[in-house]
Amino acid sequence: MPELPEVETIASQLRERGVEGKEILSVKVNWAPTIEPYTVAQFSSAVTGTTIDQISRVGKWMLFALSSGQTLMVHLRMAGSFAMEQGSHDRIIVKLSDGLTLYYRDTRKFGRWKLVDDPQTILSKLGPDALTRRFTLAYFSEAMKKRHRMIKPLILDQGIVAGLGNIYADEALWESKIHPERLSDSLSDAELAALYKAIKQVLKLGIKNRGTSLGGGKTNYRQVDGDSGGNRGEVKAYGKSGKPCVRCKKTLEKIVVAQRGTTFCPACQVT
Ligand SMILES: [Zn+2]
């Protein structure tokens with residue numbers, strides 16, 4: 001599932017490919033639920049003829065600022081991705097000026113495109129993006145201390161901090177040696193500081209390696225050119241149950257925490 005580093009990678013690659021500044025010439029929608037509640041005709045007439053002024057990212061949302069003043073907000077959910085070459089499972093095809101075409105690909109069909117007048121209608125419900133200056137240690141510590149919940153679902157809660165999903169949450173908890181079921185108000189200041197630092201660190205590493213793909217399947221994350229992300233070799237915990245912890249050599253275990261599969265080290269990440 002694309003998380004902050006994967007969405008950032010896709011957004012920056014679309015910018016590198018010159019999508020910003022291009023006019024939308026036509027839109028073909030092959031899977032209408034992606035653009036609900038708009039009909040295909042409504043959506044097409046709202047975006048055709050506009051220019052994509054800017055592509056940015058907040059949390060796991062991609063934002064395409066249009067010259068009409070509206071913003072197209074895309075959430076890739078389970079398996080959405082963008083490509084500049086035709087492929088299979090292309091749900092929306094956007095023809096752009098200068099001969100470019102944008103293919104929105106989504107094997108699972110859960111991704112959603114929202115056309116909004118003001119992005120804040122969606123963004124105001126999110127906590128600070130984990131890689132912005134708004135996400136401070138003071139804010140994070142207070143948010144954890146004032147709640148009495150297990151730490152893993154809290155750092156996955158986009159209303160508290162935006163950007164983490166299951167992979168990077170497991171990685172940040174492993175990195176900071178915190179058990180995923182620890183109660184948030186039981187964490188010491190030193191533990192909170194370590195987790196805060198680890199969250200930023202694992203996300204930045206994910207971006208540097210252009211995202212994490214964990215297998216070769218069609219639902220897996222792909223970069224814009226179709227390549228897998230390069231971060232797989234850096235993953236220490238997620239999806240590695242039964243393998244030895246690279247820090248202490250004990251076998252990693254998998255448990256379910258708040259309905260999410262969670263891998264951790266029973267020796268390093270103490271309760
Ligand atoms: Zn360990």
# chains A, B, ... in the order shown; residues from 1 in each chain; ligands from 1
>>> select_by_dssp(residues="range 134-241 of chain A", states="strand (DSSP E or B)", output="ChimeraX atom specification")
/A:150,162,178,183
>>> closest_atom_pairs(of="range 135-225 of chain A", to="range 94-117 of chain A", cutoff="12 Å", atoms="only C-alpha atoms", output="tab-separated table")
residue	atom	partner	partner_atom	distance
A:Gly217	CA	A:Thr107	CA	10.3
A:Lys218	CA	A:Thr107	CA	7.0
A:Thr219	CA	A:Thr107	CA	6.0
A:Asn220	CA	A:Thr107	CA	9.3
A:Tyr221	CA	A:Asp106	CA	10.2
A:Arg222	CA	A:Arg105	CA	10.1
A:Gln223	CA	A:Arg105	CA	11.5
A:Val224	CA	A:Tyr103	CA	9.5
A:Asp225	CA	A:Tyr103	CA	11.2
>>> atom_distance(atom1="CA of Glu6 in chain A", atom2="CA of Ile207 in chain A")
7.0 Å
>>> closest_atom_pairs(of="chain A", to="ligand 1", cutoff="6 Å", atoms="only C-alpha atoms and all ligand atoms", output="tab-separated table")
residue	atom	partner	partner_atom_place_in_ligand_line	distance
A:Cys245	CA	ligand 1	1 (Zn)	4.6
A:Arg247	CA	ligand 1	1 (Zn)	5.0
A:Cys248	CA	ligand 1	1 (Zn)	4.1
A:Lys250	CA	ligand 1	1 (Zn)	5.6
A:Cys265	CA	ligand 1	1 (Zn)	4.7
A:Ala267	CA	ligand 1	1 (Zn)	5.1
A:Cys268	CA	ligand 1	1 (Zn)	4.1
>>> residues_around(residues="Met62 in chain A", least_positions_apart="6", cutoff="9 Å", atoms="only C-alpha atoms", output="JSON list (two decimals) with N, CA and C atoms, in the first residue's frame")
[["chain", "number", "residue", "atom", "x", "y", "z"],
["A", 7, "VAL", "N", 4.08, 7.83, -2.26],
["A", 7, "VAL", "CA", 3.32, 8.93, -2.87],
["A", 7, "VAL", "C", 4.26, 10.07, -3.25],
["A", 8, "GLU", "N", 5.21, 10.36, -2.37],
["A", 8, "GLU", "CA", 6.19, 11.41, -2.67],
["A", 8, "GLU", "C", 7.01, 11.07, -3.92],
["A", 10, "ILE", "N", 6.13, 9.14, -6.45],
["A", 10, "ILE", "CA", 5.30, 9.26, -7.65],
["A", 10, "ILE", "C", 5.09, 10.74, -8.00],
["A", 11, "ALA", "N", 4.79, 11.57, -6.99],
["A", 11, "ALA", "CA", 4.56, 13.00, -7.25],
["A", 11, "ALA", "C", 5.81, 13.63, -7.84],
["A", 55, "ILE", "N", 1.98, 19.95, -8.78],
["A", 55, "ILE", "CA", 1.73, 18.63, -8.18],
["A", 55, "ILE", "C", 2.44, 18.61, -6.82],
["A", 56, "SER", "N", 1.68, 18.31, -5.78],
["A", 56, "SER", "CA", 2.28, 18.26, -4.45],
["A", 56, "SER", "C", 1.72, 17.08, -3.67],
["A", 72, "LEU", "N", -7.41, 18.65, -7.84],
["A", 72, "LEU", "CA", -7.69, 17.23, -7.97],
["A", 72, "LEU", "C", -6.86, 16.52, -6.91],
["A", 73, "MET", "N", -7.54, 15.89, -5.95],
["A", 73, "MET", "CA", -6.85, 15.19, -4.87],
["A", 73, "MET", "C", -6.96, 13.69, -5.11],
["A", 74, "VAL", "N", -5.82, 13.02, -5.15],
["A", 74, "VAL", "CA", -5.81, 11.59, -5.46],
["A", 74, "VAL", "C", -5.27, 10.82, -4.27],
["A", 75, "HIS", "N", -6.04, 9.82, -3.84],
["A", 75, "HIS", "CA", -5.58, 8.90, -2.79],
["A", 75, "HIS", "C", -5.43, 7.53, -3.42],
["A", 76, "LEU", "N", -4.22, 6.99, -3.40],
["A", 76, "LEU", "CA", -3.93, 5.73, -4.11],
["A", 76, "LEU", "C", -4.45, 4.50, -3.37]]
>>> closest_residue(among="A:Leu192, A:Leu214, A:Leu126, A:Ile93", to="Gly163 in chain A", atoms="only C-alpha atoms")
A:Leu126
>>> residues_around(residues="Leu183 in chain A", least_positions_apart="5", cutoff="10 Å", atoms="only C-alpha atoms", output="count of residues only")
10
>>> residues_around(residues="range 44-51 of chain A", least_positions_apart="5", cutoff="8 Å", atoms="only C-alpha atoms", output="PDB file with N, CA and C atoms, in the first residue's frame")
ATOM      1  N   GLU A  20       3.664  19.000 -14.814  1.00  0.00           N
ATOM      2  CA  GLU A  20       3.248  20.346 -14.403  1.00  0.00           C
ATOM      3  C   GLU A  20       3.313  21.276 -15.614  1.00  0.00           C
ATOM      4  N   GLY A  21       2.315  22.127 -15.716  1.00  0.00           N
ATOM      5  CA  GLY A  21       2.288  23.082 -16.825  1.00  0.00           C
ATOM      6  C   GLY A  21       1.597  22.551 -18.075  1.00  0.00           C
ATOM      7  N   LYS A  22       1.208  21.284 -18.043  1.00  0.00           N
ATOM      8  CA  LYS A  22       0.531  20.710 -19.214  1.00  0.00           C
ATOM      9  C   LYS A  22      -0.986  20.887 -19.090  1.00  0.00           C
ATOM     10  N   GLU A  23      -1.586  21.049 -20.272  1.00  0.00           N
ATOM     11  CA  GLU A  23      -3.041  21.196 -20.319  1.00  0.00           C
ATOM     12  C   GLU A  23      -3.691  19.821 -20.432  1.00  0.00           C
ATOM     13  N   ILE A  24      -4.820  19.653 -19.776  1.00  0.00           N
ATOM     14  CA  ILE A  24      -5.584  18.397 -19.899  1.00  0.00           C
ATOM     15  C   ILE A  24      -6.447  18.495 -21.154  1.00  0.00           C
ATOM     16  N   LEU A  25      -6.147  17.648 -22.134  1.00  0.00           N
ATOM     17  CA  LEU A  25      -6.868  17.700 -23.408  1.00  0.00           C
ATOM     18  C   LEU A  25      -8.115  16.818 -23.393  1.00  0.00           C
ATOM     19  N   SER A  26      -8.006  15.677 -22.737  1.00  0.00           N
ATOM     20  CA  SER A  26      -9.176  14.797 -22.627  1.00  0.00           C
ATOM     21  C   SER A  26      -8.969  13.815 -21.487  1.00  0.00           C
ATOM     22  N   VAL A  27     -10.086  13.269 -21.017  1.00  0.00           N
ATOM     23  CA  VAL A  27     -10.044  12.294 -19.921  1.00  0.00           C
ATOM     24  C   VAL A  27     -10.912  11.111 -20.298  1.00  0.00           C
ATOM     25  N   LYS A  28     -10.349   9.914 -20.141  1.00  0.00           N
ATOM     26  CA  LYS A  28     -11.143   8.705 -20.368  1.00  0.00           C
ATOM     27  C   LYS A  28     -11.213   7.943 -19.054  1.00  0.00           C
ATOM     28  N   LEU A  66      -5.185  22.784 -10.267  1.00  0.00           N
ATOM     29  CA  LEU A  66      -5.599  23.067 -11.647  1.00  0.00           C
ATOM     30  C   LEU A  66      -5.790  24.566 -11.854  1.00  0.00           C
ATOM     31  N   SER A  67      -5.613  25.003 -13.102  1.00  0.00           N
ATOM     32  CA  SER A  67      -5.741  26.435 -13.413  1.00  0.00           C
ATOM     33  C   SER A  67      -7.160  26.947 -13.214  1.00  0.00           C
ATOM     34  N   SER A  68      -8.119  26.038 -13.105  1.00  0.00           N
ATOM     35  CA  SER A  68      -9.510  26.445 -12.846  1.00  0.00           C
ATOM     36  C   SER A  68      -9.693  26.919 -11.411  1.00  0.00           C
TER      37      SER A  68
END
>>> residues_around(residues="Leu173 in chain A", least_positions_apart="4", cutoff="12 Å", atoms="only C-alpha atoms", output="mmCIF file with N, CA and C atoms, in the first residue's frame")
data_model
loop_
_atom_site.group_PDB
_atom_site.id
_atom_site.type_symbol
_atom_site.label_atom_id
_atom_site.label_comp_id
_atom_site.auth_asym_id
_atom_site.auth_seq_id
_atom_site.Cartn_x
_atom_site.Cartn_y
_atom_site.Cartn_z
ATOM 1 N N MET A 150 -2.906 2.014 22.347
ATOM 2 C CA MET A 150 -1.708 1.342 21.878
ATOM 3 C C MET A 150 -1.003 2.226 20.847
ATOM 4 N N ILE A 151 0.323 2.184 20.899
ATOM 5 C CA ILE A 151 1.107 3.130 20.096
ATOM 6 C C ILE A 151 0.968 2.904 18.586
ATOM 7 N N LYS A 152 0.907 1.630 18.161
ATOM 8 C CA LYS A 152 0.899 1.436 16.710
ATOM 9 C C LYS A 152 -0.327 2.060 16.025
ATOM 10 N N PRO A 153 -1.561 1.738 16.492
ATOM 11 C CA PRO A 153 -2.695 2.401 15.822
ATOM 12 C C PRO A 153 -2.665 3.915 15.933
ATOM 13 N N LEU A 154 -2.048 4.449 16.964
ATOM 14 C CA LEU A 154 -1.979 5.913 17.084
ATOM 15 C C LEU A 154 -1.099 6.523 16.000
ATOM 16 N N ILE A 155 0.058 5.890 15.732
ATOM 17 C CA ILE A 155 0.915 6.493 14.693
ATOM 18 C C ILE A 155 0.393 6.214 13.280
ATOM 19 N N LEU A 156 -0.560 5.263 13.192
ATOM 20 C CA LEU A 156 -1.228 5.034 11.896
ATOM 21 C C LEU A 156 -2.407 5.990 11.693
ATOM 22 N N LEU A 164 2.137 7.846 7.615
ATOM 23 C CA LEU A 164 2.548 6.477 7.924
ATOM 24 C C LEU A 164 1.459 5.472 7.592
ATOM 25 N N ASN A 166 1.248 0.800 7.300
ATOM 26 C CA ASN A 166 1.695 -0.371 8.056
ATOM 27 C C ASN A 166 3.201 -0.643 7.954
ATOM 28 N N ILE A 167 3.764 -0.448 6.770
ATOM 29 C CA ILE A 167 5.196 -0.756 6.605
ATOM 30 C C ILE A 167 6.053 0.168 7.472
ATOM 31 N N TYR A 168 5.885 1.474 7.274
ATOM 32 C CA TYR A 168 6.773 2.417 7.954
ATOM 33 C C TYR A 168 6.458 2.527 9.447
ATOM 34 N N ALA A 169 5.231 2.193 9.858
ATOM 35 C CA ALA A 169 4.927 2.161 11.289
ATOM 36 C C ALA A 169 5.707 1.028 11.956
ATOM 37 N N LYS A 177 12.870 0.621 19.080
ATOM 38 C CA LYS A 177 12.805 -0.461 20.094
ATOM 39 C C LYS A 177 11.571 -0.349 20.992
ATOM 40 N N ILE A 178 10.447 -0.003 20.375
ATOM 41 C CA ILE A 178 9.202 0.130 21.141
ATOM 42 C C ILE A 178 8.217 -0.944 20.693
ATOM 43 N N HIS A 179 7.662 -1.671 21.650
ATOM 44 C CA HIS A 179 6.686 -2.713 21.332
ATOM 45 C C HIS A 179 5.409 -2.060 20.787
ATOM 46 N N PRO A 180 4.853 -2.617 19.696
ATOM 47 C CA PRO A 180 3.681 -1.970 19.071
ATOM 48 C C PRO A 180 2.441 -1.887 19.960
ATOM 49 N N GLU A 181 2.385 -2.709 21.009
ATOM 50 C CA GLU A 181 1.205 -2.672 21.889
ATOM 51 C C GLU A 181 1.408 -1.802 23.131
ATOM 52 N N ARG A 182 2.559 -1.145 23.210
ATOM 53 C CA ARG A 182 2.770 -0.245 24.366
ATOM 54 C C ARG A 182 1.689 0.835 24.389
ATOM 55 N N GLU A 191 11.847 7.650 24.990
ATOM 56 C CA GLU A 191 11.232 6.757 23.998
ATOM 57 C C GLU A 191 10.448 7.552 22.951
ATOM 58 N N LEU A 192 9.732 8.564 23.391
ATOM 59 C CA LEU A 192 8.978 9.385 22.441
ATOM 60 C C LEU A 192 9.920 10.095 21.471
ATOM 61 N N ALA A 193 11.036 10.585 22.010
ATOM 62 C CA ALA A 193 12.014 11.267 21.148
ATOM 63 C C ALA A 193 12.612 10.287 20.140
ATOM 64 N N ALA A 194 12.859 9.052 20.609
ATOM 65 C CA ALA A 194 13.433 8.038 19.705
ATOM 66 C C ALA A 194 12.439 7.657 18.613
ATOM 67 N N LEU A 195 11.169 7.517 18.992
ATOM 68 C CA LEU A 195 10.152 7.156 18.003
ATOM 69 C C LEU A 195 9.938 8.290 17.001
ATOM 70 N N TYR A 196 9.878 9.502 17.501
ATOM 71 C CA TYR A 196 9.721 10.683 16.631
ATOM 72 C C TYR A 196 10.843 10.729 15.594
ATOM 73 N N LYS A 197 12.062 10.538 16.069
ATOM 74 C CA LYS A 197 13.227 10.561 15.181
ATOM 75 C C LYS A 197 13.155 9.406 14.169
ATOM 76 N N ALA A 198 12.736 8.228 14.661
ATOM 77 C CA ALA A 198 12.673 7.040 13.796
ATOM 78 C C ALA A 198 11.620 7.208 12.701
ATOM 79 N N ILE A 199 10.488 7.829 13.038
ATOM 80 C CA ILE A 199 9.426 8.053 12.039
ATOM 81 C C ILE A 199 9.990 8.857 10.868
ATOM 82 N N LYS A 200 10.662 9.958 11.190
ATOM 83 C CA LYS A 200 11.232 10.800 10.122
ATOM 84 C C LYS A 200 12.314 10.043 9.354
ATOM 85 N N GLN A 201 13.128 9.312 10.104
ATOM 86 C CA GLN A 201 14.257 8.598 9.494
ATOM 87 C C GLN A 201 13.788 7.531 8.501
ATOM 88 N N VAL A 202 12.812 6.697 8.902
ATOM 89 C CA VAL A 202 12.396 5.618 7.993
ATOM 90 C C VAL A 202 11.668 6.182 6.764
ATOM 91 N N LYS A 236 13.533 -3.660 7.928
ATOM 92 C CA LYS A 236 14.077 -4.472 9.015
ATOM 93 C C LYS A 236 13.034 -5.355 9.679
ATOM 94 N N ALA A 237 11.779 -4.937 9.685
ATOM 95 C CA ALA A 237 10.762 -5.672 10.441
ATOM 96 C C ALA A 237 9.567 -6.079 9.576
ATOM 97 N N TYR A 238 8.964 -5.122 8.890
ATOM 98 C CA TYR A 238 7.707 -5.387 8.179
ATOM 99 C C TYR A 238 7.834 -6.587 7.239
ATOM 100 N N THR A 262 1.301 -7.160 12.248
ATOM 101 C CA THR A 262 2.375 -6.355 12.832
ATOM 102 C C THR A 262 3.568 -7.245 13.127
ATOM 103 N N THR A 263 4.723 -6.902 12.594
ATOM 104 C CA THR A 263 5.925 -7.688 12.860
ATOM 105 C C THR A 263 6.831 -6.893 13.788
ATOM 106 N N PHE A 264 7.366 -7.590 14.769
ATOM 107 C CA PHE A 264 8.226 -6.915 15.752
ATOM 108 C C PHE A 264 9.239 -7.903 16.298
ATOM 109 N N CYS A 265 10.239 -7.393 17.022
ATOM 110 C CA CYS A 265 11.227 -8.244 17.657
ATOM 111 C C CYS A 265 10.871 -8.390 19.133
ATOM 112 N N PRO A 266 10.603 -9.618 19.582
ATOM 113 C CA PRO A 266 10.207 -9.806 20.983
ATOM 114 C C PRO A 266 11.342 -9.547 21.965
ATOM 115 N N CYS A 268 14.143 -7.056 21.294
ATOM 116 C CA CYS A 268 14.511 -5.619 21.288
ATOM 117 C C CYS A 268 13.343 -4.705 21.664
ATOM 118 N N GLN A 269 12.128 -5.107 21.230
ATOM 119 C CA GLN A 269 10.984 -4.200 21.432
ATOM 120 C C GLN A 269 10.200 -4.661 22.657
ATOM 121 N N VAL A 270 10.619 -4.194 23.792
ATOM 122 C CA VAL A 270 10.064 -4.706 25.050
ATOM 123 C C VAL A 270 8.738 -4.043 25.396
ATOM 124 N N THR A 271 7.908 -4.785 26.111
ATOM 125 C CA THR A 271 6.596 -4.256 26.498
ATOM 126 C C THR A 271 6.729 -3.344 27.719
#
>>> closest_residue(among="A:Leu63, A:Ala79, A:Val58, A:Met84", to="Lys125 in chain A", atoms="only C-alpha atoms")
A:Val58
>>> atom_distance(atom1="CA of Gly159 in chain A", atom2="CA of Asn209 in chain A")
26.5 Å
>>> atom_distance(atom1="CA of Asp157 in chain A", atom2="CA of Lys60 in chain A")
11.9 Å
>>> decode(residues="range 15-76 of chain A", atoms="C-alpha atoms", output="PDB file, in the first residue's frame")
ATOM      1  CA  ARG A  15       7.041  16.600 -11.907  1.00  0.00           C
ATOM      2  CA  GLU A  16      10.317  15.340 -13.405  1.00  0.00           C
ATOM      3  CA  ARG A  17       8.417  14.011 -16.421  1.00  0.00           C
ATOM      4  CA  GLY A  18       7.068  17.493 -17.047  1.00  0.00           C
ATOM      5  CA  VAL A  19       3.416  16.955 -16.124  1.00  0.00           C
ATOM      6  CA  GLU A  20       3.248  20.346 -14.403  1.00  0.00           C
ATOM      7  CA  GLY A  21       2.288  23.082 -16.825  1.00  0.00           C
ATOM      8  CA  LYS A  22       0.531  20.710 -19.214  1.00  0.00           C
ATOM      9  CA  GLU A  23      -3.041  21.196 -20.319  1.00  0.00           C
ATOM     10  CA  ILE A  24      -5.584  18.397 -19.899  1.00  0.00           C
ATOM     11  CA  LEU A  25      -6.868  17.700 -23.408  1.00  0.00           C
ATOM     12  CA  SER A  26      -9.176  14.797 -22.627  1.00  0.00           C
ATOM     13  CA  VAL A  27     -10.044  12.294 -19.921  1.00  0.00           C
ATOM     14  CA  LYS A  28     -11.143   8.705 -20.368  1.00  0.00           C
ATOM     15  CA  VAL A  29     -12.592   7.021 -17.307  1.00  0.00           C
ATOM     16  CA  ASN A  30     -12.689   3.221 -17.393  1.00  0.00           C
ATOM     17  CA  TRP A  31     -13.754   2.752 -13.772  1.00  0.00           C
ATOM     18  CA  ALA A  32     -16.306   5.379 -12.778  1.00  0.00           C
ATOM     19  CA  PRO A  33     -16.331   4.763  -8.975  1.00  0.00           C
ATOM     20  CA  THR A  34     -12.822   6.282  -8.844  1.00  0.00           C
ATOM     21  CA  ILE A  35     -14.297   9.748  -9.470  1.00  0.00           C
ATOM     22  CA  GLU A  36     -17.552   9.463  -7.519  1.00  0.00           C
ATOM     23  CA  PRO A  37     -19.692  11.397  -6.777  1.00  0.00           C
ATOM     24  CA  TYR A  38     -18.993  12.982 -10.176  1.00  0.00           C
ATOM     25  CA  THR A  39     -20.318  11.359 -13.317  1.00  0.00           C
ATOM     26  CA  VAL A  40     -17.808  10.834 -16.094  1.00  0.00           C
ATOM     27  CA  ALA A  41     -19.375  13.715 -18.074  1.00  0.00           C
ATOM     28  CA  GLN A  42     -19.268  16.112 -15.108  1.00  0.00           C
ATOM     29  CA  PHE A  43     -15.699  15.220 -14.243  1.00  0.00           C
ATOM     30  CA  SER A  44     -14.502  15.448 -17.803  1.00  0.00           C
ATOM     31  CA  SER A  45     -16.051  18.843 -18.402  1.00  0.00           C
ATOM     32  CA  ALA A  46     -14.649  20.193 -15.105  1.00  0.00           C
ATOM     33  CA  VAL A  47     -11.027  19.275 -15.864  1.00  0.00           C
ATOM     34  CA  THR A  48     -10.740  19.335 -19.663  1.00  0.00           C
ATOM     35  CA  GLY A  49      -9.067  22.535 -20.840  1.00  0.00           C
ATOM     36  CA  THR A  50      -7.473  23.257 -17.473  1.00  0.00           C
ATOM     37  CA  THR A  51      -3.727  23.233 -16.872  1.00  0.00           C
ATOM     38  CA  ILE A  52      -2.029  21.207 -14.133  1.00  0.00           C
ATOM     39  CA  ASP A  53      -0.240  24.083 -12.380  1.00  0.00           C
ATOM     40  CA  GLN A  54       1.381  22.170  -9.560  1.00  0.00           C
ATOM     41  CA  ILE A  55       1.734  18.634  -8.179  1.00  0.00           C
ATOM     42  CA  SER A  56       2.283  18.260  -4.449  1.00  0.00           C
ATOM     43  CA  ARG A  57       1.722  15.826  -1.597  1.00  0.00           C
ATOM     44  CA  VAL A  58       0.296  15.988   1.908  1.00  0.00           C
ATOM     45  CA  GLY A  59       0.333  12.773   3.929  1.00  0.00           C
ATOM     46  CA  LYS A  60      -0.774  10.065   1.510  1.00  0.00           C
ATOM     47  CA  TRP A  61      -2.715  12.502  -0.704  1.00  0.00           C
ATOM     48  CA  MET A  62      -1.457  13.716  -4.061  1.00  0.00           C
ATOM     49  CA  LEU A  63      -2.665  17.175  -5.049  1.00  0.00           C
ATOM     50  CA  PHE A  64      -2.931  18.414  -8.625  1.00  0.00           C
ATOM     51  CA  ALA A  65      -3.637  22.154  -8.510  1.00  0.00           C
ATOM     52  CA  LEU A  66      -5.599  23.067 -11.647  1.00  0.00           C
ATOM     53  CA  SER A  67      -5.741  26.435 -13.413  1.00  0.00           C
ATOM     54  CA  SER A  68      -9.510  26.445 -12.846  1.00  0.00           C
ATOM     55  CA  GLY A  69      -8.803  27.013  -9.152  1.00  0.00           C
ATOM     56  CA  GLN A  70      -9.971  23.525  -8.276  1.00  0.00           C
ATOM     57  CA  THR A  71      -7.653  20.853  -6.914  1.00  0.00           C
ATOM     58  CA  LEU A  72      -7.692  17.234  -7.966  1.00  0.00           C
ATOM     59  CA  MET A  73      -6.845  15.191  -4.873  1.00  0.00           C
ATOM     60  CA  VAL A  74      -5.809  11.588  -5.461  1.00  0.00           C
ATOM     61  CA  HIS A  75      -5.580   8.904  -2.786  1.00  0.00           C
ATOM     62  CA  LEU A  76      -3.925   5.734  -4.107  1.00  0.00           C
TER      63      LEU A  76
END
